[in-house]
Structures are given as structure tokens and as C-alpha cells.
Amino acid sequence: MILTTPLLRALKKGIPDARIYFLTRRPSAKILEGNPNLAGIFYREDKPLSAIRRAGIDISIDFMRSSSSGFFARFSGAQKRIAFHYPAGWLFHNTMPAKREDNAYTVFDRLQLLEPLGIPHDGAKPDLAFAPENAARADAFLAGLPPAPLTVTFDITSPRDHRRWAPENFAKLADRLKADYGARVVFLWGPGELDYVKDAMALSSGGHILAPDFDLLDLAALLKRTSLHVGTSSAPMHLAVSQSTPTFTVYAPQNSPASWTPPGPEHSWVQGELASLPFEAAWERLAAHLKALGAVK
């Protein structure tokens with residue numbers, strides 16, 4: 001969801017008078033509700049086809065290429081229906097460019113769908129706006145922590161087992177950051193992840209910090225105030241990118257760093273078979289990244 005927000009920004013910039021709507025599910029609501037480029041959001045749980053048709057849609061852009069998203073596009077009333085080419089796409093869409101293989105970072109895939117409209121993009125940085133109350137919660141949390149030269153967030157979880165590096169390795173990374181650089185390390189967690197994260201923290205030498213029960217916008221505000229985000233290829237990494245926070249990501253072989261890591265020196269990674277990726281290989285890359293950022297000497 002968040003990786004689609006650069007297209008919304010470019011679309012609004014290219015057609016300032018456009019009314020732009022997004023069709024999604026309610027768990028994504030917080031990512032979009034503060035987006036200034038949107039005129040409204042349709043939620044699938046509300047069976048929104050009638051509301052979509054009343055909105056007077058002229059153009060649909062379908063990123064999912066599924067039968068359900070194609071159904072909404074086909075019956076939205078839009079005269080121009082855009083999606084990347086796929087075998088059954090002609091049932092739903094009438095403008096289907098072939099996805100280029102040289103797009104690299106996945107945001108550029110989405111931005112390519114602007115080309116049939118003749119609209120240029122203005123960069124791949126995602127947008128996520130949080131409210132003053134989210135900033136206040138993040139500030140209150142950080143104010144209660146001991147001062148430190150670096151604040152580093154850790155996201156060690158993933159719904160996909162192959163993306164998880166051993167918890168003891170993340171615990172050792174946290175220990176080295178604290179020992180070598182005086183960093184305070186904050187372990188993030190989401191629904192269903194608390195016990196896993198607590199167990200990982202128990203493998204460390206101690207002194208690290210468990211994040212509160214923050215929602216997505218609280219988390220974005222915290223990441224805005226963070227020196228570096230470390231973790232798996234997952235949603236918090238993209239939230240960090242939206243807040244211009246540097247990242248360091250541990251990738252499994254199944255996931256392409258070129259596709260998921262934004263271009264630029266603020267973001268670095270290590271990749272390998274996670275069952276055998278040695279701690280020292282990750283630590284060397286992480287320490288070099290911190291030095292390149294000028295965060296440590």
C-alpha cells in the first residue's frame with residue numbers, strides 16, 4: 001500500500017484538478033487517511049461498487065491484476081482502465097502496457113502505469129503523514145529512555161518464515177550496537193509478534209527496549225525520530241523509508257534487494273541463506289553503513 005503513494009502524488013501533480021480515490025481494505029486505512037492527494041477511500045468490506053460508480057470514475061489503475069480488482073475496474077464506469085498485461089487482463093482492462101524488466105525498485109513498477117497518461121513521476125519516496133498526537137506519543141516514549149547518541153529500531157519478524165534470520169543473531173546485533181556505539185535499540189512488534197520479540201530480546205545481554213503498543217502512525221512518528229532502522233524486508237522498513245530514515249535490511253535469497261531497497265546511500269543490506277548467514281557478515285556490513293552515513297566514527 002505505502003509503495004503506491006508516490007503514484008498518487010505524481011498523479012495529483014500531473015492532473016491537479018483530479019479527484020483521486022483508492023480501493024482497499026480497512027486494515028490499510030491509517031496509511032491512506034491522512035494522504036492529501038486523495039479525495040476519498042473505498043473499502044472492500046463495504047461492498048462499494050455502487051459508491052464507486054456514483055463517484056464518476058474516468059480512469060482506473062489496477063495494481064493487483066486479480067479477478068476481484070479487475071471486476072471493480074471493469075464495472076467502475078471508467079472509460080480508460082489501466083493494468084500491466086496479463087493473460088486474462090482483456091476481460092477487465094483496455095490499456096495494458098508490458099511491465100519493463102529494468103524498473104528495479106518496485107515503486108518504479110507502479111510509476112510505469114502513469115506512462116499511458118503521459119504523466120511523469122517526481123521520485124519514488126513513499127508518503128505517510130501522521131498527526132500531532134502520533135508525534136506526541138513517540139516523543140513521550142523517547143523522553144522516558146536514557147539518552148544515547150543513536151536510536152536504532154529493530155523489526156525482526158516476518159509472516160514468511162524464509163525471511164526470518166535467527167533471533168539470536170538480531171540479539172547479537174543489538175548488543176554490538178550498544179557496546180560499540182552506545183546505541184539504544186528499540187525492538188518493534190505487531191499483532192501476534194510480542195512473544196517472539198520478547199524471546200529474542202531474552203537472548204541478548206539486556207538493556208534493550210521494547211516498543212509500546214504503537215499503531216502504524218505512532219510507529220511512523222517513532223521512525224521519523226530514529227537514526228537507523230534494521231530488520232527484515234517488511235512493512236516497517238517501508239515506513240522508515242517514508243520518513244527519510246536510513247535502513248539496513250537482512251534479505252533471504254528469494255527476495256531481491258534491488259527490488260525492495262530504495263536507491264541511494266541511505267539504504268544498505270546484506271543477503272544470504274538466512275539459516276547459515278553468519279553474524280559477522282551482517283555486522284561488518286551494518287558497521288560500514290553506519291560509518292558511511294556519518295552516524296559513527
# chains A, B, ... in the order shown; residues from 1 in each chain; ligands from 1
$ select_by_dssp --residues "range 146-202 of chain A" --states "strand (DSSP E)" --output "VMD selection string"
chain A and resid 151 to 155 184 to 187
$ write_last_selection --atoms "N, CA and C atoms" --output "compact mmCIF listing (two decimals), in the first residue's frame"
# COMPACT_ATOMS: atom_id res chain seq x y z
N THR A 151 19.65 6.15 18.12
CA THR A 151 18.46 5.34 18.38
C THR A 151 18.24 4.47 17.16
N VAL A 152 18.21 3.16 17.37
CA VAL A 152 18.07 2.20 16.28
C VAL A 152 16.84 1.34 16.54
N THR A 153 15.94 1.26 15.57
CA THR A 153 14.78 0.37 15.69
C THR A 153 15.09 -0.96 15.02
N PHE A 154 14.58 -2.04 15.59
CA PHE A 154 14.74 -3.39 15.05
C PHE A 154 13.35 -3.96 14.75
N ASP A 155 13.18 -4.49 13.54
CA ASP A 155 12.00 -5.28 13.21
C ASP A 155 12.51 -6.65 12.78
N ARG A 184 20.89 3.01 21.68
CA ARG A 184 19.73 2.42 22.34
C ARG A 184 18.91 1.75 21.24
N VAL A 185 18.62 0.48 21.43
CA VAL A 185 17.94 -0.33 20.42
C VAL A 185 16.51 -0.58 20.86
N VAL A 186 15.58 -0.24 20.00
CA VAL A 186 14.15 -0.40 20.28
C VAL A 186 13.61 -1.52 19.39
N PHE A 187 13.10 -2.58 20.00
CA PHE A 187 12.53 -3.71 19.26
C PHE A 187 11.05 -3.43 19.00
$ residues_around --residues "range 236-251 of chain A" --least-positions-apart "6" --cutoff "7 Å" --atoms "only C-alpha atoms" --output "PDB file with C-alpha atoms, in the first residue's frame"
ATOM      1  CA  LYS A 125       9.846   8.188  -1.955  1.00  0.00           C
ATOM      2  CA  PRO A 126       6.644   6.927  -0.292  1.00  0.00           C
ATOM      3  CA  ASP A 127       4.335   9.311   1.572  1.00  0.00           C
ATOM      4  CA  LEU A 128       2.884   8.713   5.013  1.00  0.00           C
ATOM      5  CA  ASP A 155      11.998  -5.283  13.209  1.00  0.00           C
ATOM      6  CA  ARG A 163      12.579 -14.018   5.670  1.00  0.00           C
ATOM      7  CA  ALA A 220       5.912   6.237  11.596  1.00  0.00           C
ATOM      8  CA  LEU A 223      10.803   6.054  12.874  1.00  0.00           C
ATOM      9  CA  LYS A 224      10.969   9.745  11.938  1.00  0.00           C
ATOM     10  CA  THR A 226      15.238   7.206  14.621  1.00  0.00           C
ATOM     11  CA  SER A 227      18.864   7.190  13.455  1.00  0.00           C
ATOM     12  CA  LEU A 228      18.578   3.844  11.634  1.00  0.00           C
ATOM     13  CA  HIS A 229      16.064   1.073  11.089  1.00  0.00           C
ATOM     14  CA  VAL A 230      17.372  -2.522  10.992  1.00  0.00           C
ATOM     15  CA  PRO A 257      17.462  -6.141  -2.661  1.00  0.00           C
ATOM     16  CA  GLU A 266      20.905   5.924   2.948  1.00  0.00           C
ATOM     17  CA  HIS A 267      19.882   2.298   2.500  1.00  0.00           C
ATOM     18  CA  SER A 268      22.035  -0.814   2.718  1.00  0.00           C
ATOM     19  CA  TRP A 269      21.545  -4.558   3.082  1.00  0.00           C
ATOM     20  CA  VAL A 270      23.059  -7.995   3.489  1.00  0.00           C
ATOM     21  CA  GLN A 271      21.762 -11.112   1.733  1.00  0.00           C
ATOM     22  CA  GLY A 272      22.281 -14.834   2.138  1.00  0.00           C
ATOM     23  CA  LEU A 286      25.983  -2.759   9.197  1.00  0.00           C
TER      24      LEU A 286
END
$ residues_around --residues "Pro278 in chain A" --least-positions-apart "2" --cutoff "12 Å" --atoms "only C-alpha atoms" --output "PyMOL selection string"
chain A and resi 165-166+168-170+172-173+250+270-276+280-285
$ closest_residue --among "A:Ser205, A:Pro97, A:Ala295, A:Phe72" --to "Leu150 in chain A" --atoms "only C-alpha atoms"
A:Ala295
$ atom_distance --atom1 "CA of Tyr181 in chain A" --atom2 "CA of Gly206 in chain A"
15.4 Å
$ closest_residue --among "A:Tyr196, A:Trp189, A:Tyr43, A:Phe84" --to "Ala235 in chain A" --atoms "only C-alpha atoms"
A:Trp189
$ atom_distance --atom1 "CA of Pro16 in chain A" --atom2 "CA of Ile61 in chain A"
17.3 Å
$ residues_around --residues "Gly34 in chain A" --least-positions-apart "3" --cutoff "8 Å" --atoms "only C-alpha atoms" --output "PyMOL selection string"
chain A and resi 30-31+128-130
$ residues_around --residues "Phe141 in chain A" --least-positions-apart "4" --cutoff "9 Å" --atoms "only C-alpha atoms" --output "PyMOL selection string"
chain A and resi 136-137+145+211-212+222
$ select_by_dssp --residues "range 12-143 of chain A" --states "alpha helix (DSSP H)" --output "mmCIF file with C-alpha atoms, in the first residue's frame"
data_model
loop_
_atom_site.group_PDB
_atom_site.id
_atom_site.type_symbol
_atom_site.label_atom_id
_atom_site.label_comp_id
_atom_site.auth_asym_id
_atom_site.auth_seq_id
_atom_site.Cartn_x
_atom_site.Cartn_y
_atom_site.Cartn_z
ATOM 1 C CA LYS A 12 -2.225 14.739 -8.385
ATOM 2 C CA LYS A 13 0.717 16.853 -9.525
ATOM 3 C CA GLY A 14 0.104 15.908 -13.161
ATOM 4 C CA ALA A 29 -6.897 2.780 6.364
ATOM 5 C CA LYS A 30 -4.309 4.564 8.522
ATOM 6 C CA ILE A 31 -1.766 4.574 5.704
ATOM 7 C CA LEU A 32 -4.128 6.494 3.434
ATOM 8 C CA GLU A 33 -6.488 8.560 5.573
ATOM 9 C CA LEU A 49 -19.330 -0.789 -6.300
ATOM 10 C CA SER A 50 -22.393 1.493 -6.221
ATOM 11 C CA ALA A 51 -20.415 4.238 -4.464
ATOM 12 C CA ILE A 52 -17.586 3.852 -6.964
ATOM 13 C CA ARG A 53 -19.975 4.280 -9.877
ATOM 14 C CA ARG A 54 -21.573 7.356 -8.260
ATOM 15 C CA SER A 67 -10.150 -11.169 -10.789
ATOM 16 C CA SER A 68 -11.636 -9.184 -7.904
ATOM 17 C CA SER A 69 -9.684 -5.981 -8.622
ATOM 18 C CA GLY A 70 -10.416 -6.464 -12.326
ATOM 19 C CA PHE A 71 -14.142 -6.733 -11.541
ATOM 20 C CA PHE A 72 -14.140 -3.340 -9.803
ATOM 21 C CA ALA A 73 -12.192 -1.783 -12.678
ATOM 22 C CA ARG A 74 -14.471 -3.245 -15.352
ATOM 23 C CA THR A 106 9.365 -1.953 -7.057
ATOM 24 C CA VAL A 107 7.960 1.577 -6.754
ATOM 25 C CA PHE A 108 9.082 2.214 -10.326
ATOM 26 C CA ASP A 109 6.837 -0.653 -11.447
ATOM 27 C CA ARG A 110 3.857 1.221 -10.104
ATOM 28 C CA LEU A 111 5.023 4.537 -11.530
ATOM 29 C CA GLN A 112 5.284 2.989 -15.000
ATOM 30 C CA PRO A 132 0.389 15.670 16.065
ATOM 31 C CA GLU A 133 -0.967 13.139 18.551
ATOM 32 C CA ASN A 134 1.175 10.415 16.956
ATOM 33 C CA ALA A 135 4.241 12.649 17.237
ATOM 34 C CA ALA A 136 3.373 13.343 20.882
ATOM 35 C CA ARG A 137 3.201 9.617 21.685
ATOM 36 C CA ALA A 138 6.561 8.975 20.022
ATOM 37 C CA ASP A 139 8.151 11.932 21.823
ATOM 38 C CA ALA A 140 6.771 10.843 25.184
ATOM 39 C CA PHE A 141 8.155 7.337 24.699
ATOM 40 C CA LEU A 142 11.618 8.560 23.711
ATOM 41 C CA ALA A 143 11.692 11.116 26.540
#
$ closest_residue --among "A:Ala287, A:Arg176, A:Gly89, A:Gln79" --to "Ser66 in chain A" --atoms "only C-alpha atoms"
A:Gly89
$ residues_around --residues "Lys80 in chain A" --least-positions-apart "4" --cutoff "9 Å" --atoms "only C-alpha atoms" --output "number ranges by chain"
A: 58-61, 93-95
$ atom_distance --atom1 "CA of Ser234 in chain A" --atom2 "CA of His208 in chain A"
21.3 Å
$ residues_around --residues "Leu114 in chain A" --least-positions-apart "6" --cutoff "10 Å" --atoms "only C-alpha atoms" --output "PDB file with N, CA and C atoms, in the first residue's frame"
ATOM      1  N   LEU A   7       2.846   7.185  -6.670  1.00  0.00           N
ATOM      2  CA  LEU A   7       1.994   7.346  -7.855  1.00  0.00           C
ATOM      3  C   LEU A   7       0.860   8.320  -7.574  1.00  0.00           C
ATOM      4  N   LEU A   8       0.271   8.267  -6.383  1.00  0.00           N
ATOM      5  CA  LEU A   8      -0.798   9.204  -6.050  1.00  0.00           C
ATOM      6  C   LEU A   8      -0.286  10.642  -6.100  1.00  0.00           C
ATOM      7  N   ALA A  10       2.314  11.823  -7.820  1.00  0.00           N
ATOM      8  CA  ALA A  10       2.588  12.222  -9.208  1.00  0.00           C
ATOM      9  C   ALA A  10       1.306  12.453  -9.982  1.00  0.00           C
ATOM     10  N   LEU A  11       0.296  11.627  -9.725  1.00  0.00           N
ATOM     11  CA  LEU A  11      -0.980  11.779 -10.423  1.00  0.00           C
ATOM     12  C   LEU A  11      -1.638  13.106 -10.072  1.00  0.00           C
ATOM     13  N   GLY A  14       0.306  15.868 -11.712  1.00  0.00           N
ATOM     14  CA  GLY A  14       0.104  15.908 -13.161  1.00  0.00           C
ATOM     15  C   GLY A  14      -1.280  16.373 -13.559  1.00  0.00           C
ATOM     16  N   ILE A  61      -6.795   2.440 -12.370  1.00  0.00           N
ATOM     17  CA  ILE A  61      -5.435   1.892 -12.413  1.00  0.00           C
ATOM     18  C   ILE A  61      -5.416   0.717 -11.443  1.00  0.00           C
ATOM     19  N   ILE A  82      -6.461   0.809 -16.809  1.00  0.00           N
ATOM     20  CA  ILE A  82      -5.030   0.529 -16.981  1.00  0.00           C
ATOM     21  C   ILE A  82      -4.582  -0.564 -16.015  1.00  0.00           C
ATOM     22  N   PRO A 120       4.609  12.334 -15.842  1.00  0.00           N
ATOM     23  CA  PRO A 120       5.902  11.943 -15.287  1.00  0.00           C
ATOM     24  C   PRO A 120       5.799  11.756 -13.775  1.00  0.00           C
ATOM     25  N   HIS A 121       6.715  10.999 -13.220  1.00  0.00           N
ATOM     26  CA  HIS A 121       6.752  10.889 -11.759  1.00  0.00           C
ATOM     27  C   HIS A 121       7.759  11.886 -11.201  1.00  0.00           C
TER      28      HIS A 121
END
$ closest_residue --among "A:Phe92, A:Phe42, A:Tyr21, A:Tyr105" --to "Ser259 in chain A" --atoms "only C-alpha atoms"
A:Tyr105
$ decode --residues "range 159-190 of chain A" --atoms "N, CA and C atoms" --output "PDB file, in the first residue's frame"
ATOM      1  N   PRO A 159       5.854 -12.480   8.389  1.00  0.00           N
ATOM      2  CA  PRO A 159       4.876 -13.562   8.265  1.00  0.00           C
ATOM      3  C   PRO A 159       5.393 -14.722   7.429  1.00  0.00           C
ATOM      4  N   ARG A 160       6.510 -14.509   6.726  1.00  0.00           N
ATOM      5  CA  ARG A 160       7.098 -15.566   5.889  1.00  0.00           C
ATOM      6  C   ARG A 160       8.346 -16.107   6.570  1.00  0.00           C
ATOM      7  N   ASP A 161       8.357 -17.384   6.844  1.00  0.00           N
ATOM      8  CA  ASP A 161       9.455 -17.989   7.598  1.00  0.00           C
ATOM      9  C   ASP A 161      10.800 -17.786   6.917  1.00  0.00           C
ATOM     10  N   HIS A 162      10.828 -17.809   5.585  1.00  0.00           N
ATOM     11  CA  HIS A 162      12.123 -17.731   4.900  1.00  0.00           C
ATOM     12  C   HIS A 162      12.771 -16.355   5.034  1.00  0.00           C
ATOM     13  N   ARG A 163      12.015 -15.351   5.488  1.00  0.00           N
ATOM     14  CA  ARG A 163      12.579 -14.018   5.670  1.00  0.00           C
ATOM     15  C   ARG A 163      13.136 -13.787   7.078  1.00  0.00           C
ATOM     16  N   ARG A 164      12.994 -14.758   7.956  1.00  0.00           N
ATOM     17  CA  ARG A 164      13.411 -14.572   9.347  1.00  0.00           C
ATOM     18  C   ARG A 164      14.849 -15.056   9.553  1.00  0.00           C
ATOM     19  N   TRP A 165      15.710 -14.158   9.954  1.00  0.00           N
ATOM     20  CA  TRP A 165      17.049 -14.510  10.412  1.00  0.00           C
ATOM     21  C   TRP A 165      16.927 -14.949  11.868  1.00  0.00           C
ATOM     22  N   ALA A 166      17.845 -15.778  12.343  1.00  0.00           N
ATOM     23  CA  ALA A 166      17.744 -16.319  13.695  1.00  0.00           C
ATOM     24  C   ALA A 166      17.642 -15.199  14.731  1.00  0.00           C
ATOM     25  N   PRO A 167      16.713 -15.291  15.671  1.00  0.00           N
ATOM     26  CA  PRO A 167      16.561 -14.234  16.686  1.00  0.00           C
ATOM     27  C   PRO A 167      17.839 -13.947  17.454  1.00  0.00           C
ATOM     28  N   GLU A 168      18.645 -15.005  17.704  1.00  0.00           N
ATOM     29  CA  GLU A 168      19.879 -14.765  18.450  1.00  0.00           C
ATOM     30  C   GLU A 168      20.855 -13.885  17.685  1.00  0.00           C
ATOM     31  N   ASN A 169      20.776 -13.906  16.351  1.00  0.00           N
ATOM     32  CA  ASN A 169      21.646 -13.030  15.561  1.00  0.00           C
ATOM     33  C   ASN A 169      21.223 -11.574  15.694  1.00  0.00           C
ATOM     34  N   PHE A 170      19.930 -11.326  15.681  1.00  0.00           N
ATOM     35  CA  PHE A 170      19.470  -9.950  15.900  1.00  0.00           C
ATOM     36  C   PHE A 170      19.818  -9.487  17.309  1.00  0.00           C
ATOM     37  N   ALA A 171      19.721 -10.411  18.276  1.00  0.00           N
ATOM     38  CA  ALA A 171      20.098 -10.058  19.647  1.00  0.00           C
ATOM     39  C   ALA A 171      21.567  -9.653  19.713  1.00  0.00           C
ATOM     40  N   LYS A 172      22.430 -10.387  19.009  1.00  0.00           N
ATOM     41  CA  LYS A 172      23.861 -10.054  18.991  1.00  0.00           C
ATOM     42  C   LYS A 172      24.106  -8.721  18.283  1.00  0.00           C
ATOM     43  N   LEU A 173      23.348  -8.451  17.203  1.00  0.00           N
ATOM     44  CA  LEU A 173      23.486  -7.149  16.532  1.00  0.00           C
ATOM     45  C   LEU A 173      23.151  -6.021  17.493  1.00  0.00           C
ATOM     46  N   ALA A 174      22.059  -6.189  18.231  1.00  0.00           N
ATOM     47  CA  ALA A 174      21.659  -5.160  19.192  1.00  0.00           C
ATOM     48  C   ALA A 174      22.753  -4.964  20.246  1.00  0.00           C
ATOM     49  N   ASP A 175      23.326  -6.068  20.721  1.00  0.00           N
ATOM     50  CA  ASP A 175      24.378  -5.966  21.726  1.00  0.00           C
ATOM     51  C   ASP A 175      25.604  -5.222  21.192  1.00  0.00           C
ATOM     52  N   ARG A 176      26.006  -5.508  19.950  1.00  0.00           N
ATOM     53  CA  ARG A 176      27.173  -4.848  19.380  1.00  0.00           C
ATOM     54  C   ARG A 176      26.921  -3.359  19.157  1.00  0.00           C
ATOM     55  N   LEU A 177      25.714  -3.021  18.712  1.00  0.00           N
ATOM     56  CA  LEU A 177      25.384  -1.604  18.529  1.00  0.00           C
ATOM     57  C   LEU A 177      25.472  -0.845  19.851  1.00  0.00           C
ATOM     58  N   LYS A 178      25.002  -1.481  20.899  1.00  0.00           N
ATOM     59  CA  LYS A 178      25.063  -0.831  22.210  1.00  0.00           C
ATOM     60  C   LYS A 178      26.499  -0.761  22.724  1.00  0.00           C
ATOM     61  N   ALA A 179      27.243  -1.860  22.593  1.00  0.00           N
ATOM     62  CA  ALA A 179      28.602  -1.925  23.136  1.00  0.00           C
ATOM     63  C   ALA A 179      29.567  -1.036  22.371  1.00  0.00           C
ATOM     64  N   ASP A 180      29.484  -1.039  21.042  1.00  0.00           N
ATOM     65  CA  ASP A 180      30.461  -0.317  20.219  1.00  0.00           C
ATOM     66  C   ASP A 180      30.103   1.148  20.018  1.00  0.00           C
ATOM     67  N   TYR A 181      28.805   1.449  19.969  1.00  0.00           N
ATOM     68  CA  TYR A 181      28.395   2.808  19.604  1.00  0.00           C
ATOM     69  C   TYR A 181      27.476   3.474  20.622  1.00  0.00           C
ATOM     70  N   GLY A 182      27.181   2.793  21.707  1.00  0.00           N
ATOM     71  CA  GLY A 182      26.306   3.382  22.714  1.00  0.00           C
ATOM     72  C   GLY A 182      24.868   3.545  22.270  1.00  0.00           C
ATOM     73  N   ALA A 183      24.450   2.760  21.276  1.00  0.00           N
ATOM     74  CA  ALA A 183      23.098   2.904  20.728  1.00  0.00           C
ATOM     75  C   ALA A 183      22.048   2.387  21.706  1.00  0.00           C
ATOM     76  N   ARG A 184      20.894   3.011  21.678  1.00  0.00           N
ATOM     77  CA  ARG A 184      19.731   2.424  22.341  1.00  0.00           C
ATOM     78  C   ARG A 184      18.908   1.754  21.239  1.00  0.00           C
ATOM     79  N   VAL A 185      18.616   0.477  21.433  1.00  0.00           N
ATOM     80  CA  VAL A 185      17.944  -0.332  20.422  1.00  0.00           C
ATOM     81  C   VAL A 185      16.511  -0.584  20.862  1.00  0.00           C
ATOM     82  N   VAL A 186      15.576  -0.241  20.001  1.00  0.00           N
ATOM     83  CA  VAL A 186      14.148  -0.403  20.281  1.00  0.00           C
ATOM     84  C   VAL A 186      13.606  -1.524  19.387  1.00  0.00           C
ATOM     85  N   PHE A 187      13.104  -2.581  20.003  1.00  0.00           N
ATOM     86  CA  PHE A 187      12.534  -3.707  19.261  1.00  0.00           C
ATOM     87  C   PHE A 187      11.049  -3.433  19.005  1.00  0.00           C
ATOM     88  N   LEU A 188      10.668  -3.469  17.745  1.00  0.00           N
ATOM     89  CA  LEU A 188       9.281  -3.247  17.340  1.00  0.00           C
ATOM     90  C   LEU A 188       8.524  -4.567  17.315  1.00  0.00           C
ATOM     91  N   TRP A 189       7.212  -4.475  17.398  1.00  0.00           N
ATOM     92  CA  TRP A 189       6.381  -5.674  17.297  1.00  0.00           C
ATOM     93  C   TRP A 189       4.989  -5.268  16.842  1.00  0.00           C
ATOM     94  N   GLY A 190       4.284  -6.233  16.275  1.00  0.00           N
ATOM     95  CA  GLY A 190       2.917  -6.010  15.833  1.00  0.00           C
ATOM     96  C   GLY A 190       2.023  -7.120  16.349  1.00  0.00           C
TER      97      GLY A 190
END
